[in-house]
Each structure stands twice: as structure tokens, then as C-alpha cells.
file entry23.pdb (PDB, C-alpha atoms, pLDDT in the B column)
ATOM      1  CA  VAL J   1      15.832  30.353  10.856  1.00 88.00           C
ATOM      2  CA  LEU J   2      18.293  28.177   8.962  1.00 93.00           C
ATOM      3  CA  GLU J   3      18.746  27.907   5.196  1.00 93.00           C
ATOM      4  CA  GLU J   4      20.073  24.795   3.467  1.00 92.00           C
ATOM      5  CA  HIS J   5      20.204  23.502  -0.108  1.00 91.00           C
ATOM      6  CA  ILE J   6      19.884  20.056  -1.635  1.00 89.00           C
ATOM      7  CA  ASP J   7      21.276  19.532  -5.138  1.00 86.00           C
ATOM      8  CA  LEU J   8      19.450  16.852  -7.095  1.00 83.00           C
ATOM      9  CA  PRO J   9      19.566  15.689 -10.735  1.00 82.00           C
ATOM     10  CA  LYS J  10      17.384  17.723 -13.115  1.00 81.00           C
ATOM     11  CA  THR J  11      15.157  14.653 -13.567  1.00 80.00           C
ATOM     12  CA  ALA J  12      14.090  14.929  -9.910  1.00 83.00           C
ATOM     13  CA  THR J  13      12.412  18.327 -10.420  1.00 86.00           C
ATOM     14  CA  GLY J  14       9.035  16.875 -11.431  1.00 84.00           C
ATOM     15  CA  LYS J  15       9.078  14.380  -8.555  1.00 83.00           C
ATOM     16  CA  VAL J  16       9.707  17.071  -5.941  1.00 88.00           C
ATOM     17  CA  ILE J  17       7.144  19.534  -7.358  1.00 88.00           C
ATOM     18  CA  GLY J  18       4.496  16.960  -8.336  1.00 84.00           C
ATOM     19  CA  THR J  19       1.352  17.406 -10.423  1.00 79.00           C
ATOM     20  CA  ARG J  20       0.272  21.038 -10.173  1.00 82.00           C
ATOM     21  CA  GLY J  21       2.656  21.520  -7.255  1.00 88.00           C
ATOM     22  CA  GLN J  22       0.981  18.900  -5.050  1.00 85.00           C
ATOM     23  CA  GLN J  23       4.137  17.175  -3.812  1.00 88.00           C
ATOM     24  CA  ILE J  24       5.973  20.354  -2.838  1.00 92.00           C
ATOM     25  CA  ALA J  25       2.856  21.623  -1.044  1.00 92.00           C
ATOM     26  CA  GLU J  26       2.706  18.348   0.879  1.00 90.00           C
ATOM     27  CA  ILE J  27       6.420  18.574   1.831  1.00 92.00           C
ATOM     28  CA  ARG J  28       5.796  22.110   3.128  1.00 95.00           C
ATOM     29  CA  SER J  29       2.711  21.167   5.148  1.00 93.00           C
ATOM     30  CA  ARG J  30       4.208  17.984   6.607  1.00 92.00           C
ATOM     31  CA  SER J  31       7.583  19.464   7.568  1.00 94.00           C
ATOM     32  CA  GLY J  32       6.622  23.067   8.341  1.00 95.00           C
ATOM     33  CA  ALA J  33       9.679  24.235   6.364  1.00 95.00           C
ATOM     34  CA  ASN J  34       9.595  26.716   3.500  1.00 96.00           C
ATOM     35  CA  VAL J  35      10.618  24.734   0.386  1.00 95.00           C
ATOM     36  CA  ASP J  36      11.464  26.180  -3.035  1.00 94.00           C
ATOM     37  CA  VAL J  37      12.893  24.644  -6.188  1.00 92.00           C
ATOM     38  CA  ASP J  38      15.333  26.539  -8.404  1.00 88.00           C
ATOM     39  CA  LYS J  39      14.977  25.169 -11.939  1.00 81.00           C
ATOM     40  CA  THR J  40      17.296  27.664 -13.635  1.00 83.00           C
ATOM     41  CA  GLY J  41      20.571  25.739 -13.239  1.00 79.00           C
ATOM     42  CA  THR J  42      21.771  22.525 -14.834  1.00 82.00           C
ATOM     43  CA  ASN J  43      20.471  20.538 -11.860  1.00 82.00           C
ATOM     44  CA  CYS J  44      17.499  20.776  -9.484  1.00 85.00           C
ATOM     45  CA  ARG J  45      18.403  22.858  -6.415  1.00 89.00           C
ATOM     46  CA  VAL J  46      15.965  22.685  -3.505  1.00 92.00           C
ATOM     47  CA  ARG J  47      16.118  25.480  -0.936  1.00 94.00           C
ATOM     48  CA  LEU J  48      14.938  24.737   2.610  1.00 95.00           C
ATOM     49  CA  LEU J  49      14.158  27.428   5.183  1.00 96.00           C
ATOM     50  CA  GLY J  50      13.111  26.733   8.766  1.00 95.00           C
ATOM     51  CA  THR J  51      14.200  25.381  12.113  1.00 95.00           C
ATOM     52  CA  ARG J  52      16.633  22.446  12.368  1.00 94.00           C
ATOM     53  CA  GLY J  53      13.735  20.032  12.941  1.00 94.00           C
ATOM     54  CA  GLN J  54      11.693  21.404  10.012  1.00 95.00           C
ATOM     55  CA  ILE J  55      14.624  21.235   7.607  1.00 94.00           C
ATOM     56  CA  ASP J  56      15.475  17.674   8.670  1.00 93.00           C
ATOM     57  CA  ALA J  57      11.829  16.631   8.217  1.00 93.00           C
ATOM     58  CA  ALA J  58      11.676  18.227   4.732  1.00 93.00           C
ATOM     59  CA  ARG J  59      14.989  16.614   3.779  1.00 90.00           C
ATOM     60  CA  ALA J  60      13.689  13.167   4.822  1.00 88.00           C
ATOM     61  CA  LEU J  61      10.476  13.653   2.805  1.00 88.00           C
ATOM     62  CA  ILE J  62      12.447  14.728  -0.283  1.00 87.00           C
ATOM     63  CA  HIS J  63      14.713  11.687   0.007  1.00 83.00           C
ATOM     64  CA  THR J  64      11.607   9.478   0.207  1.00 80.00           C
ATOM     65  CA  LEU J  65      10.447  10.981  -3.097  1.00 80.00           C
ATOM     66  CA  VAL J  66      13.750  10.845  -4.963  1.00 77.00           C
ATOM     67  CA  GLY J  67      15.505   8.060  -3.055  1.00 63.00           C
ATOM     68  CA  PRO J  68      16.658   4.664  -4.348  1.00 52.00           C
ATOM     69  CA  GLN J  69      13.112   3.504  -5.150  1.00 45.00           C
ATOM     70  CA  SER J  70      12.689   6.322  -7.639  1.00 44.00           C
ATOM     71  CA  GLN J  71      16.024   5.670  -9.361  1.00 42.00           C
ATOM     72  CA  GLU J  72      14.167   2.698 -10.809  1.00 45.00           C
ATOM     73  CA  GLY J  73      11.285   5.052 -11.418  1.00 52.00           C
ATOM     74  CA  GLY J  74       8.951   4.377  -8.495  1.00 70.00           C
ATOM     75  CA  GLU J  75       6.535   1.456  -8.425  1.00 82.00           C
ATOM     76  CA  TYR J  76       5.020  -0.268 -11.433  1.00 83.00           C
ATOM     77  CA  LEU J  77       1.769  -2.019 -12.235  1.00 85.00           C
ATOM     78  CA  GLU J  78       1.267  -3.877 -15.508  1.00 85.00           C
ATOM     79  CA  ILE J  79      -2.084  -3.307 -17.223  1.00 85.00           C
ATOM     80  CA  PRO J  80      -3.708  -4.771 -20.352  1.00 83.00           C
ATOM     81  CA  LYS J  81      -3.152  -2.706 -23.495  1.00 81.00           C
ATOM     82  CA  SER J  82      -6.917  -2.393 -23.941  1.00 78.00           C
ATOM     83  CA  ALA J  83      -7.185  -0.548 -20.594  1.00 82.00           C
ATOM     84  CA  VAL J  84      -4.780   2.306 -21.423  1.00 85.00           C
ATOM     85  CA  GLY J  85      -7.553   4.522 -22.790  1.00 84.00           C
ATOM     86  CA  ARG J  86      -9.654   4.009 -19.648  1.00 83.00           C
ATOM     87  CA  ILE J  87      -6.762   5.039 -17.376  1.00 87.00           C
ATOM     88  CA  ILE J  88      -5.870   8.125 -19.446  1.00 86.00           C
ATOM     89  CA  GLY J  89      -9.459   9.219 -20.176  1.00 82.00           C
ATOM     90  CA  ALA J  90     -10.660  11.762 -22.735  1.00 75.00           C
ATOM     91  CA  GLY J  91      -7.887  14.299 -23.310  1.00 79.00           C
ATOM     92  CA  GLY J  92      -5.988  12.948 -20.287  1.00 84.00           C
ATOM     93  CA  ALA J  93      -8.788  13.947 -17.874  1.00 83.00           C
ATOM     94  CA  ARG J  94      -8.955  10.625 -16.012  1.00 85.00           C
ATOM     95  CA  ILE J  95      -5.201  10.269 -15.322  1.00 89.00           C
ATOM     96  CA  GLN J  96      -5.105  13.922 -14.197  1.00 87.00           C
ATOM     97  CA  GLU J  97      -8.003  13.263 -11.826  1.00 86.00           C
ATOM     98  CA  LEU J  98      -6.364  10.099 -10.423  1.00 89.00           C
ATOM     99  CA  GLN J  99      -3.170  12.073  -9.757  1.00 88.00           C
ATOM    100  CA  GLU J 100      -5.035  14.883  -8.028  1.00 84.00           C
ATOM    101  CA  ARG J 101      -7.129  12.540  -5.883  1.00 84.00           C
ATOM    102  CA  SER J 102      -4.222  10.291  -4.836  1.00 85.00           C
ATOM    103  CA  GLY J 103      -1.418  12.868  -4.629  1.00 84.00           C
ATOM    104  CA  ALA J 104       0.927  10.488  -6.519  1.00 86.00           C
ATOM    105  CA  LYS J 105       2.474  11.096  -9.945  1.00 85.00           C
ATOM    106  CA  ILE J 106       1.161   8.576 -12.492  1.00 89.00           C
ATOM    107  CA  ASP J 107       2.737   7.877 -15.901  1.00 86.00           C
ATOM    108  CA  ILE J 108       2.087   5.323 -18.608  1.00 87.00           C
ATOM    109  CA  ASP J 109       5.304   3.582 -19.668  1.00 81.00           C
ATOM    110  CA  ARG J 110       5.151   1.985 -23.139  1.00 78.00           C
ATOM    111  CA  THR J 111       8.897   1.538 -23.623  1.00 76.00           C
ATOM    112  CA  ILE J 112       8.715  -2.275 -23.418  1.00 74.00           C
ATOM    113  CA  PRO J 113       7.218  -3.788 -26.610  1.00 72.00           C
ATOM    114  CA  ASP J 114       3.819  -5.498 -26.105  1.00 77.00           C
ATOM    115  CA  ARG J 115       3.641  -4.448 -22.437  1.00 78.00           C
ATOM    116  CA  VAL J 116       2.073  -1.426 -20.796  1.00 83.00           C
ATOM    117  CA  LEU J 117       3.186  -0.381 -17.312  1.00 84.00           C
ATOM    118  CA  VAL J 118       1.687   2.272 -15.065  1.00 89.00           C
ATOM    119  CA  ARG J 119       4.407   4.016 -13.057  1.00 86.00           C
ATOM    120  CA  PHE J 120       3.676   5.605  -9.687  1.00 88.00           C
ATOM    121  CA  CYS J 121       5.966   8.103  -7.920  1.00 83.00           C
ATOM    122  CA  GLY J 122       5.382   9.806  -4.582  1.00 82.00           C
ATOM    123  CA  PHE J 123       5.009   9.079  -0.901  1.00 82.00           C
ATOM    124  CA  PRO J 124       4.261   5.404  -0.121  1.00 83.00           C
ATOM    125  CA  GLU J 125       0.704   6.032   1.144  1.00 83.00           C
ATOM    126  CA  ASN J 126      -0.127   8.137  -1.954  1.00 85.00           C
ATOM    127  CA  ILE J 127       1.254   5.406  -4.236  1.00 88.00           C
ATOM    128  CA  ALA J 128      -0.877   2.809  -2.408  1.00 88.00           C
ATOM    129  CA  GLN J 129      -3.985   4.952  -2.899  1.00 88.00           C
ATOM    130  CA  ALA J 130      -3.179   5.574  -6.585  1.00 91.00           C
ATOM    131  CA  LYS J 131      -2.684   1.826  -7.177  1.00 90.00           C
ATOM    132  CA  GLN J 132      -6.031   1.056  -5.588  1.00 88.00           C
ATOM    133  CA  MET J 133      -7.752   3.712  -7.729  1.00 88.00           C
ATOM    134  CA  VAL J 134      -6.157   2.344 -10.925  1.00 89.00           C
ATOM    135  CA  ALA J 135      -7.261  -1.193  -9.942  1.00 86.00           C
ATOM    136  CA  GLU J 136     -10.819   0.110  -9.507  1.00 83.00           C
ATOM    137  CA  VAL J 137     -10.723   1.690 -12.978  1.00 82.00           C
ATOM    138  CA  LEU J 138      -9.512  -1.632 -14.448  1.00 79.00           C
ATOM    139  CA  GLU J 139     -12.363  -3.507 -12.751  1.00 74.00           C
ATOM    140  CA  GLY J 140     -14.894  -0.886 -13.822  1.00 69.00           C
ATOM    141  CA  ARG J 141     -15.689  -0.145 -10.161  1.00 63.00           C
ATOM    142  CA  ASP J 142     -14.370   3.406 -10.067  1.00 59.00           C
ATOM    143  CA  ARG J 143     -16.965   6.050  -9.399  1.00 54.00           C
ATOM    144  CA  SER J 144     -15.266   8.911 -11.099  1.00 51.00           C
ATOM    145  CA  VAL J 145     -16.280  12.478 -10.328  1.00 46.00           C
ATOM    146  CA  LEU J 146     -16.317  12.948 -14.095  1.00 51.00           C
ATOM    147  CA  GLY J 147     -19.666  11.158 -14.188  1.00 59.00           C
ATOM    148  CA  GLU J 148     -19.970   7.718 -15.725  1.00 66.00           C
ATOM    149  CA  ALA J 149     -22.376   6.883 -18.506  1.00 72.00           C
ATOM    150  CA  THR J 150     -23.605   3.456 -19.610  1.00 76.00           C
ATOM    151  CA  LEU J 151     -24.996   2.708 -23.046  1.00 80.00           C
ATOM    152  CA  ASN J 152     -26.404  -0.541 -24.426  1.00 83.00           C
ATOM    153  CA  ILE J 153     -26.526  -1.030 -28.207  1.00 85.00           C
ATOM    154  CA  GLU J 154     -28.274  -3.990 -29.838  1.00 85.00           C
ATOM    155  CA  VAL J 155     -26.406  -5.501 -32.784  1.00 84.00           C
ATOM    156  CA  PRO J 156     -27.200  -8.566 -34.911  1.00 84.00           C
ATOM    157  CA  SER J 157     -25.138 -11.597 -33.826  1.00 79.00           C
ATOM    158  CA  SER J 158     -23.715 -11.762 -37.373  1.00 82.00           C
ATOM    159  CA  CYS J 159     -21.844  -8.492 -36.629  1.00 80.00           C
ATOM    160  CA  THR J 160     -20.160  -9.514 -33.384  1.00 82.00           C
ATOM    161  CA  GLY J 161     -17.217 -11.258 -35.084  1.00 86.00           C
ATOM    162  CA  ARG J 162     -16.364  -8.065 -36.944  1.00 85.00           C
ATOM    163  CA  LEU J 163     -16.696  -6.024 -33.730  1.00 87.00           C
ATOM    164  CA  ILE J 164     -14.425  -8.312 -31.714  1.00 87.00           C
ATOM    165  CA  GLY J 165     -11.875  -8.807 -34.504  1.00 87.00           C
ATOM    166  CA  PRO J 166      -9.146 -11.479 -34.732  1.00 87.00           C
ATOM    167  CA  GLY J 167      -7.924 -12.279 -31.214  1.00 83.00           C
ATOM    168  CA  GLY J 168     -10.047  -9.416 -29.826  1.00 84.00           C
ATOM    169  CA  LYS J 169      -7.976  -6.837 -31.728  1.00 86.00           C
ATOM    170  CA  GLN J 170     -10.907  -4.700 -32.900  1.00 88.00           C
ATOM    171  CA  ILE J 171     -12.685  -4.457 -29.533  1.00 88.00           C
ATOM    172  CA  ASN J 172      -9.362  -3.690 -27.802  1.00 86.00           C
ATOM    173  CA  ASP J 173      -8.720  -0.995 -30.388  1.00 88.00           C
ATOM    174  CA  ILE J 174     -12.143   0.580 -29.712  1.00 89.00           C
ATOM    175  CA  GLN J 175     -11.470   0.543 -25.948  1.00 87.00           C
ATOM    176  CA  GLU J 176      -7.973   2.007 -26.320  1.00 85.00           C
ATOM    177  CA  LYS J 177      -9.011   4.793 -28.708  1.00 86.00           C
ATOM    178  CA  SER J 178     -12.236   5.751 -26.934  1.00 86.00           C
ATOM    179  CA  GLY J 179     -11.205   5.258 -23.307  1.00 83.00           C
ATOM    180  CA  ALA J 180     -14.517   3.479 -22.602  1.00 84.00           C
ATOM    181  CA  LYS J 181     -15.003  -0.112 -21.430  1.00 83.00           C
ATOM    182  CA  VAL J 182     -16.787  -2.221 -24.073  1.00 86.00           C
ATOM    183  CA  ASP J 183     -18.361  -5.644 -23.399  1.00 83.00           C
ATOM    184  CA  ILE J 184     -20.413  -7.814 -25.727  1.00 83.00           C
ATOM    185  CA  ASP J 185     -23.166 -10.068 -24.389  1.00 79.00           C
ATOM    186  CA  LYS J 186     -23.428 -12.825 -27.015  1.00 76.00           C
ATOM    187  CA  GLY J 187     -25.990 -14.806 -25.048  1.00 73.00           C
ATOM    188  CA  ARG J 188     -28.863 -12.814 -26.518  1.00 73.00           C
ATOM    189  CA  GLU J 189     -30.300 -12.180 -29.971  1.00 76.00           C
ATOM    190  CA  PRO J 190     -29.750  -9.466 -30.995  1.00 78.00           C
ATOM    191  CA  CYS J 191     -26.457  -9.248 -29.093  1.00 81.00           C
ATOM    192  CA  VAL J 192     -25.988  -6.356 -26.680  1.00 82.00           C
ATOM    193  CA  VAL J 193     -22.878  -4.173 -26.687  1.00 86.00           C
ATOM    194  CA  ARG J 194     -22.419  -2.470 -23.291  1.00 84.00           C
ATOM    195  CA  ILE J 195     -20.295   0.679 -23.205  1.00 85.00           C
ATOM    196  CA  VAL J 196     -19.245   2.250 -19.880  1.00 81.00           C
ATOM    197  CA  GLY J 197     -17.146   5.384 -19.323  1.00 79.00           C
ATOM    198  CA  GLY J 198     -17.226   9.166 -19.292  1.00 77.00           C
ATOM    199  CA  LYS J 199     -19.876  10.700 -21.586  1.00 78.00           C
ATOM    200  CA  ASP J 200     -17.290  11.747 -24.206  1.00 81.00           C
ATOM    201  CA  ASN J 201     -15.605   8.327 -24.141  1.00 83.00           C
ATOM    202  CA  VAL J 202     -18.951   6.534 -24.562  1.00 87.00           C
ATOM    203  CA  ALA J 203     -19.841   8.764 -27.536  1.00 88.00           C
ATOM    204  CA  ILE J 204     -16.523   7.954 -29.267  1.00 90.00           C
ATOM    205  CA  ALA J 205     -16.947   4.209 -28.633  1.00 90.00           C
ATOM    206  CA  GLU J 206     -20.564   4.297 -29.864  1.00 90.00           C
ATOM    207  CA  ALA J 207     -19.487   5.943 -33.134  1.00 91.00           C
ATOM    208  CA  MET J 208     -16.807   3.285 -33.622  1.00 90.00           C
ATOM    209  CA  VAL J 209     -19.229   0.424 -32.864  1.00 88.00           C
ATOM    210  CA  ARG J 210     -21.850   1.807 -35.271  1.00 86.00           C
ATOM    211  CA  GLU J 211     -19.277   1.995 -38.104  1.00 81.00           C
TER     212      GLU J 211
END

call {"tool": "encode", "arguments": {"input": "entry23.pdb", "output": "C-alpha cells"}}
result
Amino acid sequence: VLEEHIDLPKTATGKVIGTRGQQIAEIRSRSGANVDVDKTGTNCRVRLLGTRGQIDAARALIHTLVGPQSQEGGEYLEIPKSAVGRIIGAGGARIQELQERSGAKIDIDRTIPDRVLVRFCGFPENIAQAKQMVAEVLEGRDRSVLGEATLNIEVPSSCTGRLIGPGGKQINDIQEKSGAKVDIDKGREPCVVRIVGGKDNVAIAEAMVRE
């Protein structure tokens, strides 16, 4: 059995370990090597134990995770500001679930004014799956294990302007704060407000609509 070390910048620690240790578990299972991360020093030291082939396989997987692509921070997908709440979910439950189901690390990057980017880090196939899952959430097609709820509220057409707000600001605000998707069907009288999301998210959005 051989033992080798890889020294990486401290910022790489999270990428190698992953959400709840998912990435490091995947490196171990794919390579067959024993992989540990020492977080006590000033940098991130990864210890590899195994045969030559296992260590080389683990090393290649780690370089995929923290290689040149992740110096720029992985892959990005721009999303509308109004969709942030839907991606994060109540108390961060949805983004946690997306990370666990895809195996990729998912962050919301709001550093650029007026733009919201979702950042994905991980193995290419996990990133592809995470992107697809985020796209499904944006389209309202995701069938989350958290259980979706749909609620229709009838409101007089005279109230819809106040609900939508100038340039859609109010309805976007409701969606962002509640994490639910809110649509208004103005083709009927009274108008129908349709709220879709997790039970908690729908309850928050309903309270905001009824204000």
C-alpha cells in the first residue's frame, strides 16, 4: 500500500469533500483508494492510500474537481431574480435536496449587480444532472420529494395591478421571499392567482398575496 499527499489551496477543501461528504465518498468509491482531507494546516492536504492504480485514479478525480474549470468557479447558469427563492426553497431545503440528488455543489452567486448566477462544482456528469434539475425547477416541472402544493386564490381584477407592481416588482418580490411560483390569470373575473411550491412556501406566498 502506497501513501501520497496532494497539497491544494484552502479554498479547495469544500470542493473535495462536497455537500455532507458526498464528493469525497464518490472519489473513494470510484478510485478504490482511501482518501482523507487534513483541514488543520494553512492549506488543504489530501492524503491518498492504496495501490498505484488507485492513487492515480483518485488523483485524476481530484484534479477534475479542483482543476482549471474550478479556478473560475465551475460552471454557471444565469437565472431570473424572481426564481432565486424557488431554487433555494424554505430554509434552504430545496437547494440542499438538489445537491444531494445530483451530487454536485450548487451555490447562488449574487456578486454581479442585477444578475443572479447559479454556480455548479463537481464531476461533469453531476453538474449536467444538477443543471437539468435547476432547469426543471425554473420551468415548474420539478417533482420534488418535498411534496408540491398548488393553491388558487380568486382576487378582484382591480387588485391585480397592486399584486403585480410596477414592472412586475411586487410579484417578483413575493416569489423571491416565499420561494413559491406565483402566476396571475387575468383572463377571468375574478382573476385567479395560482401559487405552486412546497407547502411552507405556498403558505408564505398566500399570506403575502392576501395582504

call {"tool": "residues_around", "arguments": {"input": "entry23.pdb", "residues": "Gly50 of chain J", "least_positions_apart": "4", "cutoff": "6 Å", "atoms": "only C-alpha atoms", "output": "list in words"}}
result
Val1, Leu2, Ala33, Gln54 and Ile55 of chain J

call {"tool": "write_last_selection", "arguments": {"input": "entry23.pdb", "atoms": "C-alpha atoms", "output": "PDB file, in the coordinates of the input"}}
result
ATOM      1  CA  VAL J   1      15.832  30.353  10.856  1.00 88.00           C
ATOM      2  CA  LEU J   2      18.293  28.177   8.962  1.00 93.00           C
ATOM      3  CA  ALA J  33       9.679  24.235   6.364  1.00 95.00           C
ATOM      4  CA  GLN J  54      11.693  21.404  10.012  1.00 95.00           C
ATOM      5  CA  ILE J  55      14.624  21.235   7.607  1.00 94.00           C
TER       6      ILE J  55
END

call {"tool": "residues_near_point", "arguments": {"input": "entry23.pdb", "point": "(5.9, 20.2, 4.1)", "cutoff": "10 Å", "atoms": "all atoms listed in the file", "output": "list in words"}}
result
Gln23, Ile24, Ala25, Glu26, Ile27, Arg28, Ser29, Arg30, Ser31, Gly32, Ala33, Asn34, Val35, Gln54, Ile55, Ala57, Ala58, Arg59, Leu61 and Ile62 of chain J

call {"tool": "resolve_selection", "arguments": {"input": "entry23.pdb", "expression": "the PyMOL selection byres ((chain J and resi 13) around 9)", "output": "ChimeraX atom specification"}}
result
/J:8-12,14-18,37-39,43-46

call {"tool": "atom_distance", "arguments": {"input": "entry23.pdb", "atom1": "atom CA of Arg115 of chain J", "atom2": "atom CA of Pro80 of chain J"}}
result
7.6 Å

call {"tool": "resolve_selection", "arguments": {"input": "entry23.pdb", "expression": "the PyMOL selection byres ((chain J and resi 170) around 12)", "output": "ChimeraX atom specification"}}
result
/J:82,160-169,171-177,182,205,208-209,211

call {"tool": "write_last_selection", "arguments": {"input": "entry23.pdb", "atoms": "C-alpha atoms", "output": "mmCIF file, in the frame of the given file"}}
result
data_model
loop_
_atom_site.group_PDB
_atom_site.id
_atom_site.type_symbol
_atom_site.label_atom_id
_atom_site.label_comp_id
_atom_site.auth_asym_id
_atom_site.auth_seq_id
_atom_site.Cartn_x
_atom_site.Cartn_y
_atom_site.Cartn_z
ATOM 1 C CA SER J 82 -6.917 -2.393 -23.941
ATOM 2 C CA THR J 160 -20.160 -9.514 -33.384
ATOM 3 C CA GLY J 161 -17.217 -11.258 -35.084
ATOM 4 C CA ARG J 162 -16.364 -8.065 -36.944
ATOM 5 C CA LEU J 163 -16.696 -6.024 -33.730
ATOM 6 C CA ILE J 164 -14.425 -8.312 -31.714
ATOM 7 C CA GLY J 165 -11.875 -8.807 -34.504
ATOM 8 C CA PRO J 166 -9.146 -11.479 -34.732
ATOM 9 C CA GLY J 167 -7.924 -12.279 -31.214
ATOM 10 C CA GLY J 168 -10.047 -9.416 -29.826
ATOM 11 C CA LYS J 169 -7.976 -6.837 -31.728
ATOM 12 C CA ILE J 171 -12.685 -4.457 -29.533
ATOM 13 C CA ASN J 172 -9.362 -3.690 -27.802
ATOM 14 C CA ASP J 173 -8.720 -0.995 -30.388
ATOM 15 C CA ILE J 174 -12.143 0.580 -29.712
ATOM 16 C CA GLN J 175 -11.470 0.543 -25.948
ATOM 17 C CA GLU J 176 -7.973 2.007 -26.320
ATOM 18 C CA LYS J 177 -9.011 4.793 -28.708
ATOM 19 C CA VAL J 182 -16.787 -2.221 -24.073
ATOM 20 C CA ALA J 205 -16.947 4.209 -28.633
ATOM 21 C CA MET J 208 -16.807 3.285 -33.622
ATOM 22 C CA VAL J 209 -19.229 0.424 -32.864
ATOM 23 C CA GLU J 211 -19.277 1.995 -38.104
#

call {"tool": "atom_distance", "arguments": {"input": "entry23.pdb", "atom1": "atom CA of Glu125 of chain J", "atom2": "atom CA of Ile95 of chain J"}}
result
18.0 Å

call {"tool": "atom_distance", "arguments": {"input": "entry23.pdb", "atom1": "atom CA of Asp36 of chain J", "atom2": "atom CA of Gln99 of chain J"}}
result
21.4 Å

call {"tool": "residues_around", "arguments": {"input": "entry23.pdb", "residues": "segment 191-204 of chain J", "least_positions_apart": "2", "cutoff": "8 Å", "atoms": "all atoms listed in the file", "output": "ChimeraX atom specification"}}
result
/J:86,89-90,146-157,160,178-189,206-208

call {"tool": "closest_residue", "arguments": {"input": "entry23.pdb", "among": "J:Gln96, J:Leu77, J:Ala128, J:Glu136", "to": "Asp109 of chain J", "atoms": "only C-alpha atoms"}}
result
J:Leu77

call {"tool": "closest_residue", "arguments": {"input": "entry23.pdb", "among": "J:Leu48, J:Ala60, J:Val118, J:Ile112", "to": "Gly74 of chain J", "atoms": "all atoms listed in the file"}}
result
J:Val118

call {"tool": "closest_residue", "arguments": {"input": "entry23.pdb", "among": "J:Thr40, J:Gly122, J:Ile127, J:Ser102", "to": "His63 of chain J", "atoms": "only C-alpha atoms"}}
result
J:Gly122

call {"tool": "closest_residue", "arguments": {"input": "entry23.pdb", "among": "J:Pro124, J:Gly85, J:Lys105, J:Thr19", "to": "Thr64 of chain J", "atoms": "all atoms listed in the file"}}
result
J:Pro124

call {"tool": "closest_residue", "arguments": {"input": "entry23.pdb", "among": "J:Glu139, J:Val66, J:Val84, J:Glu4", "to": "Arg52 of chain J", "atoms": "only C-alpha atoms"}}
result
J:Glu4

call {"tool": "closest_residue", "arguments": {"input": "entry23.pdb", "among": "J:Ala135, J:Val116, J:Leu65, J:Leu49", "to": "Glu78 of chain J", "atoms": "only C-alpha atoms"}}
result
J:Val116
